[in-house]
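J.: Below: one structure in structure tokens.
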Amino acid sequence: MYLDQLELFIKEGNYKNLKRTEKEIAIIRNSVMKHQESLGLKRMVWLKQRIVGTFSSVYTYDEDKRNLFDFLNSFGLLPFVLNITWDKLLPEDQKKLEQLATPKQSYLRFSPKKSLWIDADELRGFEVHVKQLDIIQQIEEWKRIRLFLDRELQRWNALRKTSVREMEKEIQRIDLSFGSLNVVIPSPQLKAIDALDQLSEDSLVNAGCINYELVMEYAAKGFFKKSEINRFRQIKNITSKYVLAKLEKDERMYEFFFRKQHRYHDSVKKVHGDRRRSLACTYLRMIKIYSILDALTYVITRNELHQSILPLKRHYL
């Protein structure tokens, strides 16, 4: 039933229209991006249309993975911050770990014939149309097309997801007059904690990557300093990314980011608070000791006591 609906979706031209819409929305986005870039604004909001455009920096790093893994493992944290990419494992490692891996849900991939491709000539008229619009009209056009695209993508993805369940296990491909449907089985997921004892150091370095968000959470909890992590990676390149989105989506993203930062700072405050309390207890114990010594005619000046505390401050703060 769902396979028939998916085939009808393609046959009635909905798939090609979907792909054309993806190209059109990219054209408008690029036009808006150039306008914002010309103004030198990193963030621009169109309140009436509830749309926001944002430039952000994307960093790529050179990592000293071997020493970073050793550093994190010395704290017992490596299994909790390491992700392993199945496809980067050697075949013999995959065979050894296949019983520990969790399979992912398969899905259908449609490979269209050339008759369903969108070429540049089909888009020239739309490009001319966009150039004739002012920036507000472009934003409104983007919003209208985005709404349609989201709805059609939801339909298409739902059909692909439900149709694969109808296919018999032995059938991996269906040929149609306008293309082919192929069953794609994603690579399985592997938990690092299950694989650490099974893999060599070289295999871990080759297939493993660190979740730095989790690493920063552990840094906030006082396991180590952020600067200690930065020793193992250097900025290789910085590129710019532009995102045009609904203001509601942007607000949810910033709210999520704010909550994450809030949790980080709360952790830092808690750690520093614990350290200050520990230092205060140490300070009081030393005063008590010096009081006893003072009773034994050992005189200590206020300055001497301060100097004896300084190494503790440097160590704990």
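Please note that chains go A, B, ... in the order of the structure tokens, that every chain numbers its residues from 1, and that ligands are numbered from 1 in the order shown.
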Dump as CSV the rows for residues of range 45-101 of chain A within 8 Å of range 232-249 of chain A: closest atom pair and distance in Å with one decimal, only C-alpha atoms counted, ordered by chain and rising residue number.
T.:
residue,atom,partner,partner_atom,distance
A:Val45,CA,A:Leu247,CA,7.9
A:Arg50,CA,A:Leu247,CA,5.0
A:Ile51,CA,A:Lys246,CA,4.6
A:Val52,CA,A:Leu247,CA,5.6
A:Gly53,CA,A:Leu244,CA,4.4
A:Thr54,CA,A:Val243,CA,5.3
A:Phe55,CA,A:Tyr242,CA,4.5
A:Ser56,CA,A:Lys241,CA,5.3
A:Ser57,CA,A:Ser240,CA,4.7
A:Val58,CA,A:Thr239,CA,5.2
A:Tyr59,CA,A:Ile238,CA,4.7
A:Thr60,CA,A:Asn237,CA,5.3
A:Tyr61,CA,A:Ile235,CA,4.5
A:Asp62,CA,A:Gln234,CA,5.3
A:Glu63,CA,A:Arg233,CA,4.3
A:Asp64,CA,A:Phe232,CA,5.1
A:Lys65,CA,A:Phe232,CA,7.2
A:Asn67,CA,A:Phe232,CA,7.2
A:Leu68,CA,A:Phe232,CA,5.8
J.: With a distance cut-off of 8 Å and only C-alpha atoms, select the neighbouring residues of range 102-114 of chain A, excluding the residue or stretch itself and same-chain residues fewer than 3 positions from it, and output the selection as a ChimeraX atom specification.
T.: /A:117,160-161,163-164,178-190
J.: Apply DSSP to the backbone of this structure and, from range 70-210 of chain A, keep only the residues in strand (DSSP E or B); write these as a ChimeraX atom specification.
T.: /A:82-84,102,107-112,173-176,179-184,189,191,208-210
J.: Do you have the CA of Arg20 in chain A-CA of Val32 in chain A distance handy?
T.: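 So the answer is 18.8 Å.
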J.: Determine the nearest neighbour of Gln137 in chain A from the options A:Lys48, A:Lys221, A:Lys169, A:Lys11, counting only C-alpha atoms.
T.: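 Of A:Lys48, A:Lys221, A:Lys169, A:Lys11, the one nearest Gln137 in chain A is A:Lys48, counting only C-alpha atoms.
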J.: Between range 139-251 of chain A and range 85-100 of chain A, at 10 Å or less, what are the per-residue closest atom pairs and their distances in Å? Count only C-alpha atoms, order by chain and rising residue number, and return it as CSV.
T.:
residue,atom,partner,partner_atom,distance
A:Pro186,CA,A:Trp86,CA,10.0
A:Ser187,CA,A:Trp86,CA,6.3
A:Pro188,CA,A:Trp86,CA,6.7
A:Gln189,CA,A:Trp86,CA,7.0
A:Leu190,CA,A:Leu100,CA,6.9
A:Lys191,CA,A:Leu100,CA,8.2
A:Ala192,CA,A:Thr85,CA,9.9
A:Asp194,CA,A:Leu100,CA,6.9
A:Ala195,CA,A:Leu97,CA,7.2
A:Gln198,CA,A:Leu97,CA,7.7
A:Leu199,CA,A:Asp93,CA,7.1
A:Ser200,CA,A:Asp93,CA,9.2
A:Ser203,CA,A:Leu89,CA,6.6
A:Leu204,CA,A:Leu89,CA,8.4
A:Asn206,CA,A:Lys88,CA,6.8
A:Ala207,CA,A:Lys88,CA,4.9
A:Gly208,CA,A:Thr85,CA,6.3
A:Cys209,CA,A:Thr85,CA,7.9
J.: Might you pull out every residue within 12 Å of Glu122 in chain A, with only C-alpha atoms counted and same-chain residues fewer than 2 positions away left off, and present them as a list in words?
T.: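 The neighbour list is Lys16, Asn17, Lys19, Arg20, Thr21, Lys23, Glu24, Leu116, Trp117, Ile118, Asp119, Ala120, Arg124, Gly125, Phe126, Glu127 and Val128 of chain A.
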J.: With only C-alpha atoms as the basis for distance, which of A:Trp142, A:Trp156, A:Phe80, A:Phe148 is at the shortest distance from Glu217 in chain A?
T.: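 Smallest distance to Glu217 in chain A is found for A:Phe80.
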J.: For a test of reading the model, state the distance in Å between CA of Leu196 in chain A and CA of Leu78 in chain A, rounded to one decimal.
T.: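 That distance, rounded to one decimal, is 8.9 Å.
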